[in-house]
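A.B. asks: For reference, this is protein-v8.txt, and it has compact mmCIF, C-alpha atoms (C1' of nucleotides) and all ligand atoms.
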```txt
# COMPACT_ATOMS: atom_id res chain seq x y z
CA MET A 29 103.64 113.64 -150.06
CA GLU A 30 104.45 110.55 -148.00
CA ASP A 31 106.71 112.83 -146.00
CA LEU A 32 103.78 115.10 -145.41
CA ILE A 33 101.64 112.24 -144.11
CA ASN A 34 104.40 110.91 -141.87
CA LYS A 35 105.01 114.39 -140.52
CA TYR A 36 101.52 114.47 -139.01
CA LYS A 37 101.13 110.84 -137.99
CA GLY A 38 100.62 110.13 -134.34
CA ARG A 39 100.21 112.94 -131.83
CA GLY A 40 96.42 112.74 -132.07
CA PHE A 41 96.27 114.48 -135.42
CA LYS A 42 94.03 112.41 -137.68
CA LEU A 43 94.66 112.63 -141.39
CA THR A 44 91.46 112.87 -143.38
CA PRO A 45 91.32 113.40 -147.15
CA GLN A 46 90.26 117.02 -146.61
CA ARG A 47 93.14 117.64 -144.24
CA ILE A 48 95.68 116.11 -146.58
CA GLU A 49 94.47 118.46 -149.29
CA ILE A 50 94.76 121.44 -146.94
CA LEU A 51 98.26 120.37 -145.89
CA ARG A 52 99.35 119.98 -149.50
CA PHE A 53 98.07 123.45 -150.31
CA LEU A 54 99.88 124.98 -147.35
CA GLU A 55 103.17 123.06 -147.78
CA GLY A 56 105.77 125.61 -148.83
CA ASN A 57 103.09 128.20 -149.57
CA THR A 58 104.45 131.73 -149.12
CA SER A 59 101.33 133.58 -150.33
CA HIS A 60 99.81 134.09 -146.86
CA PRO A 61 96.36 132.82 -147.85
CA THR A 62 93.10 133.69 -146.09
CA ALA A 63 90.64 131.06 -144.81
CA GLU A 64 88.61 131.68 -147.95
CA ASP A 65 91.62 131.19 -150.25
CA ILE A 66 92.15 127.80 -148.63
CA TYR A 67 88.45 126.90 -148.69
CA ARG A 68 88.16 127.67 -152.41
CA GLU A 69 91.19 125.54 -153.21
CA ILE A 70 90.02 122.51 -151.21
CA LYS A 71 86.51 122.79 -152.62
CA LYS A 72 87.89 122.10 -156.11
CA LYS A 73 88.64 118.55 -155.01
CA TYR A 74 86.09 118.06 -152.20
CA GLY A 75 82.90 119.85 -153.24
CA THR A 76 81.18 119.38 -149.89
CA VAL A 77 83.98 120.64 -147.68
CA SER A 78 82.94 123.35 -145.24
CA PHE A 79 84.56 126.46 -143.83
CA ALA A 80 84.30 124.76 -140.44
CA THR A 81 86.72 122.06 -141.57
CA VAL A 82 89.16 124.66 -142.83
CA TYR A 83 88.97 126.61 -139.56
CA ASN A 84 89.25 123.41 -137.50
CA THR A 85 92.36 122.33 -139.36
CA LEU A 86 93.97 125.76 -139.12
CA GLN A 87 93.23 125.79 -135.40
CA ALA A 88 94.82 122.35 -134.94
CA LEU A 89 97.94 123.42 -136.81
CA LYS A 90 98.19 126.63 -134.81
CA GLU A 91 98.01 124.68 -131.55
CA ARG A 92 100.88 122.51 -132.76
CA GLY A 93 102.94 125.58 -133.57
CA GLU A 94 103.04 124.67 -137.25
CA LEU A 95 101.03 127.61 -138.51
CA LEU A 96 101.02 131.33 -137.79
CA GLU A 97 98.09 133.68 -137.94
CA VAL A 98 99.15 136.93 -139.58
CA THR A 99 97.23 140.03 -138.43
CA ILE A 100 98.87 142.68 -140.62
CA ASP A 101 95.74 143.07 -142.77
CA PRO A 102 92.83 144.56 -140.79
CA GLU A 103 90.36 143.27 -143.42
CA ARG A 104 90.99 139.58 -142.85
CA LYS A 105 93.23 137.01 -141.23
CA HIS A 106 96.01 135.44 -143.24
CA PHE A 107 97.78 132.17 -142.48
CA ASP A 108 101.41 131.24 -142.79
CA PRO A 109 102.77 127.66 -142.75
CA ASN A 110 106.24 129.06 -142.11
CA SER A 111 106.31 129.19 -138.34
CA THR A 112 109.91 130.29 -137.98
CA PRO A 113 109.99 133.84 -136.55
CA HIS A 114 109.84 136.51 -139.23
CA HIS A 115 108.16 139.79 -140.05
CA HIS A 116 105.90 140.96 -142.88
CA ILE A 117 105.39 143.78 -145.35
CA ILE A 118 102.02 144.51 -146.95
CA CYS A 119 101.32 146.55 -150.09
CA GLY A 120 98.79 149.25 -149.29
CA SER A 121 97.51 149.13 -152.84
CA CYS A 122 97.07 145.43 -153.76
CA GLY A 123 97.30 143.83 -150.31
CA LYS A 124 100.14 141.47 -151.21
CA ILE A 125 102.02 140.25 -148.15
CA GLU A 126 105.65 139.18 -148.26
CA ASP A 127 108.12 137.89 -145.71
CA VAL A 128 110.85 139.90 -144.01
CA PHE A 129 113.51 137.57 -142.67
CA GLU A 130 115.66 139.78 -140.50
CA ASP A 131 116.29 139.69 -136.77
CA TYR A 132 115.68 143.09 -135.22
CA SER A 133 115.36 141.86 -131.66
CA GLY A 134 118.66 143.43 -130.53
CA ALA A 135 117.30 146.86 -131.45
CA LEU A 136 113.83 146.51 -129.94
CA LYS A 137 114.50 147.44 -126.33
CA LEU A 138 111.34 148.43 -124.52
CA PRO A 139 111.24 151.71 -122.57
CA GLU A 140 111.75 151.38 -118.82
CA LYS A 141 108.21 152.57 -118.23
CA VAL A 142 106.83 149.57 -120.14
CA LEU A 143 109.25 147.08 -118.55
CA GLU A 144 107.87 148.05 -115.14
CA LYS A 145 104.49 146.68 -116.20
CA PHE A 146 105.32 143.90 -118.66
CA THR A 147 107.75 141.04 -119.18
CA ALA A 148 108.30 140.82 -122.93
CA THR A 149 108.26 137.43 -124.65
CA GLY A 150 108.33 138.28 -128.34
CA ASN A 151 107.55 140.74 -131.09
CA HIS A 152 106.38 141.00 -134.66
CA ILE A 153 106.81 143.90 -137.06
CA ASP A 154 104.26 144.94 -139.67
CA PHE A 155 105.89 146.97 -142.44
CA PHE A 156 103.67 149.00 -144.75
CA GLY A 157 104.60 149.96 -148.26
CA ILE A 158 103.87 149.87 -151.98
CA CYS A 159 105.04 146.98 -154.11
CA ALA A 160 106.92 147.41 -157.39
CA ASP A 161 103.96 146.12 -159.41
CA CYS A 162 101.61 148.74 -157.94
CA LYS A 163 104.08 151.61 -158.33
CA ASN A 164 103.27 151.24 -162.08
CA MET B 17 83.12 169.17 -124.35
CA GLU B 18 82.56 172.35 -126.35
CA ASP B 19 86.10 171.84 -127.60
CA LEU B 20 85.16 168.37 -128.70
CA ILE B 21 82.18 169.65 -130.68
CA ASN B 22 84.17 172.46 -132.30
CA LYS B 23 86.91 170.01 -133.21
CA TYR B 24 84.55 168.11 -135.46
CA LYS B 25 82.44 170.98 -136.80
CA GLY B 26 82.54 171.52 -140.53
CA ARG B 27 84.35 169.14 -142.84
CA GLY B 28 81.19 167.15 -143.54
CA PHE B 29 81.24 165.42 -140.17
CA LYS B 30 77.76 165.72 -138.68
CA LEU B 31 77.51 165.64 -134.93
CA THR B 32 74.62 163.52 -133.73
CA PRO B 33 73.89 162.75 -130.08
CA GLN B 34 75.16 159.19 -130.58
CA ARG B 35 78.38 160.45 -132.14
CA ILE B 36 78.98 162.96 -129.40
CA GLU B 37 78.67 160.15 -126.87
CA ILE B 38 81.12 157.99 -128.85
CA LEU B 39 83.57 160.90 -129.12
CA ARG B 40 83.34 161.56 -125.39
CA PHE B 41 84.06 157.92 -124.64
CA LEU B 42 87.07 157.85 -126.96
CA GLU B 43 88.52 161.23 -125.92
CA GLY B 44 91.77 160.49 -124.09
CA ASN B 45 90.87 156.80 -123.80
CA THR B 46 94.01 154.65 -123.64
CA SER B 47 92.27 151.31 -123.08
CA HIS B 48 92.17 150.28 -126.75
CA PRO B 49 88.45 149.37 -126.71
CA THR B 50 86.76 146.97 -129.13
CA ALA B 51 83.66 147.88 -131.14
CA GLU B 52 81.62 146.02 -128.55
CA ASP B 53 83.20 147.92 -125.65
CA ILE B 54 82.13 151.16 -127.34
CA TYR B 55 78.68 149.85 -128.24
CA ARG B 56 77.98 148.78 -124.64
CA GLU B 57 79.03 152.17 -123.33
CA ILE B 58 76.89 154.18 -125.77
CA LYS B 59 73.89 151.91 -125.22
CA LYS B 60 73.76 152.99 -121.58
CA LYS B 61 72.66 156.44 -122.75
CA TYR B 62 71.06 155.62 -126.12
CA GLY B 63 69.25 152.31 -125.72
CA THR B 64 68.43 151.99 -129.42
CA VAL B 65 71.90 152.65 -130.77
CA SER B 66 73.17 149.99 -133.18
CA PHE B 67 76.52 148.41 -133.90
CA ALA B 68 76.20 149.90 -137.39
CA THR B 69 76.35 153.40 -135.93
CA VAL B 70 79.43 152.51 -133.91
CA TYR B 71 81.16 151.03 -136.95
CA ASN B 72 80.13 153.96 -139.16
CA THR B 73 81.54 156.45 -136.69
CA LEU B 74 84.78 154.53 -136.27
CA GLN B 75 85.11 154.35 -140.04
CA ALA B 76 84.58 158.11 -140.39
CA LEU B 77 87.20 158.82 -137.74
CA LYS B 78 89.67 156.45 -139.37
CA GLU B 79 89.23 158.19 -142.72
CA ARG B 80 90.02 161.48 -141.02
CA GLY B 81 93.18 160.04 -139.51
CA GLU B 82 91.85 160.57 -136.00
CA LEU B 83 91.58 156.93 -135.04
CA LEU B 84 93.79 153.88 -135.46
CA GLU B 85 92.70 150.30 -135.82
CA VAL B 86 94.95 148.07 -133.74
CA THR B 87 95.41 144.53 -135.08
CA ILE B 88 97.65 143.08 -132.35
CA ASP B 89 94.84 140.87 -131.00
CA PRO B 90 93.81 138.17 -133.50
CA GLU B 91 90.50 137.69 -131.65
CA ARG B 92 89.09 141.15 -132.32
CA LYS B 93 89.87 144.64 -133.55
CA HIS B 94 90.74 147.32 -131.05
CA PHE B 95 90.53 151.07 -131.61
CA ASP B 96 92.85 153.82 -130.52
CA PRO B 97 91.98 157.54 -130.52
CA ASN B 98 95.66 158.35 -130.22
CA SER B 99 96.71 158.54 -133.85
CA THR B 100 100.28 159.63 -133.22
CA PRO B 101 102.64 156.83 -134.32
CA HIS B 102 103.35 154.35 -131.56
CA HIS B 103 103.61 150.62 -130.92
CA HIS B 104 101.77 148.21 -128.62
CA ILE B 105 102.33 145.41 -126.15
CA ILE B 106 99.65 142.84 -125.32
CA CYS B 107 99.46 140.54 -122.31
CA GLY B 108 99.11 136.94 -123.49
CA SER B 109 97.16 136.11 -120.36
CA CYS B 110 94.55 138.87 -119.85
CA GLY B 111 94.70 140.55 -123.27
CA LYS B 112 95.45 144.02 -121.89
CA ILE B 113 97.02 146.29 -124.52
CA GLU B 114 99.31 149.18 -123.61
CA ASP B 115 101.18 151.79 -125.59
CA VAL B 116 104.88 151.74 -126.43
CA PHE B 117 106.05 155.24 -127.26
CA GLU B 118 109.51 154.75 -128.72
CA ASP B 119 110.84 155.42 -132.19
CA TYR B 120 112.61 152.36 -133.56
CA SER B 121 112.53 153.46 -137.19
CA GLY B 122 116.27 154.09 -137.37
CA ALA B 123 116.90 150.43 -136.55
CA LEU B 124 114.31 148.92 -138.84
CA LYS B 125 116.21 148.78 -142.13
CA LEU B 126 114.64 146.35 -144.57
CA PRO B 127 116.85 143.72 -146.24
CA GLU B 128 117.96 144.58 -149.78
CA LYS B 129 115.94 141.67 -151.11
CA VAL B 130 112.72 143.27 -149.81
CA LEU B 131 113.67 146.78 -150.94
CA GLU B 132 113.89 145.49 -154.49
CA LYS B 133 110.20 144.68 -154.38
CA PHE B 134 108.73 147.24 -151.97
CA THR B 135 108.98 150.91 -151.10
CA ALA B 136 108.40 151.12 -147.35
CA THR B 137 106.10 153.79 -145.93
CA GLY B 138 105.74 152.84 -142.29
CA ASN B 139 105.81 150.18 -139.63
CA HIS B 140 104.15 149.03 -136.45
CA ILE B 141 105.52 146.67 -133.82
CA ASP B 142 103.43 144.22 -131.83
CA PHE B 143 105.17 143.24 -128.61
CA PHE B 144 103.97 140.17 -126.75
CA GLY B 145 104.42 139.63 -123.04
CA ILE B 146 102.87 139.04 -119.63
CA CYS B 147 101.70 141.94 -117.50
CA ALA B 148 102.66 142.39 -113.86
CA ASP B 149 99.09 141.69 -112.69
CA CYS B 150 99.02 138.33 -114.46
CA LYS B 151 102.47 137.26 -113.28
CA ASN B 152 100.72 136.95 -109.84
C1' DA C 15 64.33 183.03 -136.04
C1' DT C 16 62.22 179.87 -139.49
C1' DT C 17 62.24 177.10 -143.53
C1' DG C 18 64.17 174.57 -147.36
C1' DT C 19 67.26 171.30 -148.99
C1' DA C 20 71.66 168.85 -149.99
C1' DT C 21 74.20 165.79 -147.67
C1' DA C 22 75.35 162.60 -144.16
C1' DA C 23 73.98 159.39 -140.24
C1' DT C 24 70.92 155.96 -138.15
C1' DG C 25 69.70 151.28 -137.21
C1' DG C 26 66.93 147.15 -138.79
C1' DA C 27 67.92 143.82 -142.05
C1' DA C 28 71.16 141.35 -144.89
C1' DT C 29 75.50 139.43 -145.42
C1' DT C 30 79.84 137.42 -144.15
C1' DA C 31 82.96 135.33 -140.68
C1' DT C 32 83.46 132.13 -137.18
C1' DT C 33 82.04 128.58 -133.91
C1' DC C 34 79.12 124.79 -132.13
C1' DC C 35 77.96 120.11 -131.80
C1' DA C 36 75.52 115.73 -133.42
C1' DA C 37 76.81 112.31 -136.67
C1' DG C 38 80.50 110.00 -138.83
C1' DA C 39 85.52 108.71 -139.68
C1' DT C 40 90.12 107.51 -138.03
C1' DG C 41 93.68 104.61 -136.22
C1' DA C 42 95.96 102.21 -132.12
C1' DG C 43 95.42 98.05 -129.98
C1' DA C 44 93.42 93.42 -129.48
C1' DT D 11 90.36 92.29 -139.31
C1' DC D 12 87.51 94.30 -135.64
C1' DT D 13 86.61 97.37 -131.71
C1' DC D 14 86.01 101.61 -129.78
C1' DA D 15 87.91 105.86 -127.71
C1' DT D 16 89.00 109.87 -129.76
C1' DC D 17 89.01 113.13 -133.25
C1' DT D 18 86.98 115.31 -137.43
C1' DT D 19 83.26 116.74 -140.46
C1' DG D 20 79.96 120.02 -142.06
C1' DG D 21 75.09 121.77 -141.50
C1' DA D 22 73.23 124.86 -138.39
C1' DA D 23 73.74 128.46 -135.00
C1' DT D 24 75.97 132.51 -133.62
C1' DA D 25 78.78 136.66 -133.95
C1' DA D 26 80.94 140.33 -136.65
C1' DT D 27 80.40 143.55 -140.15
C1' DT D 28 78.09 145.93 -143.91
C1' DC D 29 74.06 147.56 -146.65
C1' DC D 30 70.66 150.84 -147.63
C1' DA D 31 65.91 153.03 -146.99
C1' DT D 32 64.56 156.29 -143.71
C1' DT D 33 65.59 160.15 -140.86
C1' DA D 34 68.46 163.88 -138.94
C1' DT D 35 71.85 167.54 -139.48
C1' DA D 36 73.70 171.89 -140.79
C1' DC D 37 74.15 175.36 -143.94
C1' DA D 38 71.76 178.83 -146.75
C1' DA D 39 68.01 181.54 -147.96
C1' DT D 40 64.15 184.04 -146.38
MN MN E 201 105.27 134.90 -143.61
MN MN E 202 97.77 152.85 -128.54
ZN ZN E 203 100.91 145.99 -154.70
ZN ZN E 204 97.72 140.44 -118.01
```
Please go through the file and, once you have read it, give me the structure as structure tokens.
Ligand SMILES: [Mn+2]
Ligand SMILES: [Mn+2]
Ligand SMILES: [Zn+2]
Ligand SMILES: [Zn+2]
C.D. replies:
Amino acid sequence: MEDLINKYKGRGFKLTPQRIEILRFLEGNTSHPTAEDIYREIKKKYGTVSFATVYNTLQALKERGELLEVTIDPERKHFDPNSTPHHHIICGSCGKIEDVFEDYSGALKLPEKVLEKFTATGNHIDFFGICADCKN
Amino acid sequence: MEDLINKYKGRGFKLTPQRIEILRFLEGNTSHPTAEDIYREIKKKYGTVSFATVYNTLQALKERGELLEVTIDPERKHFDPNSTPHHHIICGSCGKIEDVFEDYSGALKLPEKVLEKFTATGNHIDFFGICADCKN
DNA sequence: ATTGTATAATGGAATTATTCCAAGATGAGA
DNA sequence: TCTCATCTTGGAATAATTCCATTATACAAT
């Protein structure tokens, strides 16, 4: 917890009670929560917190490269405090999202036709599937 | 045009003037338009058309497997009338999205750890880059 | 061709997601 | 401890998406 506070000290990132609560919720969280998941959690402790504060904090973390926005689910955005490069798999039945830590970059050569028009800087793979729980 | 109408006849898909205009706009369109792009185009001909009609039509086409929702851009959804499997690359500067027709599936083996929890059914790669126009 | 009718589509209104910005809180420096 | 520039908060505004009562479509029967 002190570590968490020290981690964000300085650099123009002000630590408010609401933010500390958001940071604690995100710390080590691998569930890929939505803005609403985060809002509901923070509201338990700070009844007057707003969605705006949640979005503002997520935005600030994104700008610092400490949070990723995951777009695998067309229904809603998910957020990921693990900003090391990795991919995701989503269950088509329950929507659960899990991490795929594997480096495929050596195999992802773009066709010549695309390279004529783009310089590539990165990639992210969305895997689709069914999780063991949903397979009954 | 007659082809377009015959293509959608039957199967409970009713062809209204608004829908025909939407279908004509999407036919062969490789620009990956947003709902608003489509709405603005249809409104030129049908001034009273609503976003609801655009969304309803896109939904109906998705359910028929004739339209893909592209989630590469976290700002907004894009739609793609080419429903054959392919990947995308987006320019980080201007937001332009282009197609990547290449089959990487042979190289995308999931780690054992993930296979224990998921049965994979598909994948989609988001490539990030800078387009030639934006590189100045 | 015309009419009847089951079913599906339209679009204004409601809801939900996201952003804006005036008021208030934070923290580096004195 | 106090000041004050800067940043954050959260109610209100805006934008994105969905709901559902009304209307249109297309097939079937005349
Ligand atoms: Mn992740
Ligand atoms: Mn495409
Ligand atoms: Zn599942
Ligand atoms: Zn560009």
A.B. asks: How would you write, as a list of chain:residue names, the set of residues no farther than 10 Å from ligand MN 202 (chain E) when counting only C-alpha atoms (C1' of nucleotides) and all ligand atoms?
C.D. replies: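 Sorted by chain and then by number, the residues are B:Asn45, B:Thr46, B:Ser47, B:His48, B:Leu83, B:Leu84, B:Glu85, B:Val86, B:His94, B:Phe95, B:Asp96, B:Pro97, B:Asn98, B:Ser99, B:Thr100, B:Pro101, B:His102, B:His103, B:His104, B:Ile105, B:Ile113, B:Glu114, B:Asp115, B:Val116, B:Phe117.
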A.B. asks: Write the selection just made, keeping C-alpha atoms, as a tab-separated table (two decimals), in the coordinates of the input?
C.D. replies:
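As written to disk, again28.tsv reads:
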```tsv
chain	number	residue	atom	x	y	z
B	45	ASN	CA	90.87	156.80	-123.80
B	46	THR	CA	94.01	154.65	-123.64
B	47	SER	CA	92.27	151.31	-123.08
B	48	HIS	CA	92.17	150.28	-126.75
B	83	LEU	CA	91.58	156.93	-135.04
B	84	LEU	CA	93.79	153.88	-135.46
B	85	GLU	CA	92.70	150.30	-135.82
B	86	VAL	CA	94.95	148.07	-133.74
B	94	HIS	CA	90.74	147.32	-131.05
B	95	PHE	CA	90.53	151.07	-131.61
B	96	ASP	CA	92.85	153.82	-130.52
B	97	PRO	CA	91.98	157.54	-130.52
B	98	ASN	CA	95.66	158.35	-130.22
B	99	SER	CA	96.71	158.54	-133.85
B	100	THR	CA	100.28	159.63	-133.22
B	101	PRO	CA	102.64	156.83	-134.32
B	102	HIS	CA	103.35	154.35	-131.56
B	103	HIS	CA	103.61	150.62	-130.92
B	104	HIS	CA	101.77	148.21	-128.62
B	105	ILE	CA	102.33	145.41	-126.15
B	113	ILE	CA	97.02	146.29	-124.52
B	114	GLU	CA	99.31	149.18	-123.61
B	115	ASP	CA	101.18	151.79	-125.59
B	116	VAL	CA	104.88	151.74	-126.43
B	117	PHE	CA	106.05	155.24	-127.26
```
A.B. asks: Let me have all residues with an atom within 10 Å of ligand ZN 204 (chain E), counting all atoms listed in the file, laid out as a PyMOL selection string.
C.D. replies: (chain A and resi 145-146) or (chain B and resi 106-113+145-152)
A.B. asks: Using only C-alpha atoms (C1' of nucleotides) and a distance of at most 10 Å, pull out the residues of chain C that contact chain A, as a PDB file with C-alpha atoms (C1' of nucleotides), in the frame of the given file.
C.D. replies:
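Saved to selection00.pdb:
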```pdb
ATOM      1  C1'  DA C  31      82.960 135.330-140.680  1.00  0.00           C
ATOM      2  C1'  DT C  32      83.460 132.130-137.180  1.00  0.00           C
ATOM      3  C1'  DT C  33      82.040 128.580-133.910  1.00  0.00           C
ATOM      4  C1'  DC C  34      79.120 124.790-132.130  1.00  0.00           C
ATOM      5  C1'  DA C  39      85.520 108.710-139.680  1.00  0.00           C
ATOM      6  C1'  DT C  40      90.120 107.510-138.030  1.00  0.00           C
ATOM      7  C1'  DG C  41      93.680 104.610-136.220  1.00  0.00           C
ATOM      8  C1'  DA C  42      95.960 102.210-132.120  1.00  0.00           C
TER       9       DA C  42
END
```
A.B. asks: What does the distance between atom C1' of D:DT27 and atom CA of B:Tyr62 come to in Å, to one decimal place?
C.D. replies: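 Atom CA of B:Tyr62 lies 20.7 Å from atom C1' of D:DT27.
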A.B. asks: Could you check how far atom CA of B:Ile21 sits from atom CA of B:Lys59, in Å to one decimal?
C.D. replies: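 Interatomic distance, atom CA of B:Ile21 to atom CA of B:Lys59: 20.3 Å.
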A.B. asks: Counting all atoms listed in the file, give me one row per residue of chain D with an atom at most 7 Å from an atom of chain A, showing the shortest contact pair and its distance in Å to one decimal, sorted by chain then residue number, as a Markdown table.
C.D. replies:
```
| residue | atom | partner | partner_atom | distance |
| --- | --- | --- | --- | --- |
| D:DC17 | C1' | A:Lys42 | CA | 6.7 |
| D:DT19 | C1' | A:Thr81 | CA | 6.4 |
| D:DG20 | C1' | A:Ser78 | CA | 5.5 |
```
A.B. asks: Record the distance separating atom CA of B:Gly122 and atom CA of A:Glu144, expressed in Å with one decimal.
C.D. replies: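 Those two atoms sit 24.5 Å apart.
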A.B. asks: Excluding A:His152 and its own-chain neighbours fewer than 6 positions away, which residues fall within 7 Å of it when counting only C-alpha atoms (C1' of nucleotides)? Please give them as an MDAnalysis selection string.
C.D. replies: (chainID A and resid 115) or (chainID B and resid 141:143)
A.B. asks: Which residue gives the smallest distance to chain B among A:Glu130, A:Asp31, A:Glu140, A:Asp65, with only C-alpha atoms counted?
C.D. replies: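 Of the candidates, the smallest distance to chain B is held by A:Glu130.
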A.B. asks: Which of these, B:Leu42, B:Leu74, B:Leu20, B:Leu124, has the shortest distance to chain A once you count only C-alpha atoms?
C.D. replies: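 So, comparing all the options, the nearest one is B:Leu124.
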A.B. asks: Starting from the incomplete input, reconstruct N, CA, C and O atoms of stretch 123-137 of chain B and report them as a CSV table (one decimal), keeping the file's coordinate frame.
C.D. replies:
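Everything below was put into result_38.csv:
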```
chain,number,residue,atom,x,y,z
B,123,ALA,N,116.3,151.8,-136.6
B,123,ALA,CA,116.9,150.4,-136.6
B,123,ALA,C,116.2,149.4,-137.5
B,123,ALA,O,116.7,148.3,-137.7
B,124,LEU,N,115.1,149.9,-138.1
B,124,LEU,CA,114.3,148.9,-138.8
B,124,LEU,C,114.6,149.0,-140.3
B,124,LEU,O,113.7,149.2,-141.2
B,125,LYS,N,115.8,148.8,-140.7
B,125,LYS,CA,116.2,148.8,-142.1
B,125,LYS,C,115.8,147.5,-142.8
B,125,LYS,O,116.1,146.4,-142.2
B,126,LEU,N,115.1,147.6,-143.9
B,126,LEU,CA,114.6,146.4,-144.6
B,126,LEU,C,115.8,145.7,-145.3
B,126,LEU,O,116.7,146.4,-145.9
B,127,PRO,N,115.8,144.4,-145.5
B,127,PRO,CA,116.8,143.7,-146.2
B,127,PRO,C,116.8,144.2,-147.7
B,127,PRO,O,115.7,144.4,-148.2
B,128,GLU,N,117.9,144.2,-148.4
B,128,GLU,CA,118.0,144.6,-149.8
B,128,GLU,C,117.0,143.8,-150.6
B,128,GLU,O,116.3,144.4,-151.5
B,129,LYS,N,116.8,142.6,-150.4
B,129,LYS,CA,115.9,141.7,-151.1
B,129,LYS,C,114.5,142.2,-151.1
B,129,LYS,O,113.8,142.1,-152.1
B,130,VAL,N,114.1,142.7,-149.9
B,130,VAL,CA,112.7,143.3,-149.8
B,130,VAL,C,112.6,144.6,-150.5
B,130,VAL,O,111.6,144.9,-151.2
B,131,LEU,N,113.7,145.4,-150.3
B,131,LEU,CA,113.7,146.8,-150.9
B,131,LEU,C,113.6,146.7,-152.5
B,131,LEU,O,113.1,147.7,-153.1
B,132,GLU,N,114.0,145.6,-153.0
B,132,GLU,CA,113.9,145.5,-154.5
B,132,GLU,C,112.4,145.4,-154.9
B,132,GLU,O,112.1,145.7,-156.1
B,133,LYS,N,111.6,144.9,-154.0
B,133,LYS,CA,110.2,144.7,-154.4
B,133,LYS,C,109.2,145.6,-153.7
B,133,LYS,O,108.0,145.7,-154.1
B,134,PHE,N,109.6,146.4,-152.7
B,134,PHE,CA,108.7,147.2,-152.0
B,134,PHE,C,109.4,148.6,-151.6
B,134,PHE,O,110.6,148.6,-151.4
B,135,THR,N,108.6,149.6,-151.7
B,135,THR,CA,109.0,150.9,-151.1
B,135,THR,C,108.3,151.0,-149.8
B,135,THR,O,107.0,151.0,-149.7
B,136,ALA,N,109.0,151.1,-148.7
B,136,ALA,CA,108.4,151.1,-147.4
B,136,ALA,C,107.9,152.5,-147.0
B,136,ALA,O,108.5,153.5,-147.3
B,137,THR,N,106.7,152.5,-146.3
B,137,THR,CA,106.1,153.8,-145.9
B,137,THR,C,105.9,153.9,-144.4
B,137,THR,O,105.5,154.9,-143.9
```
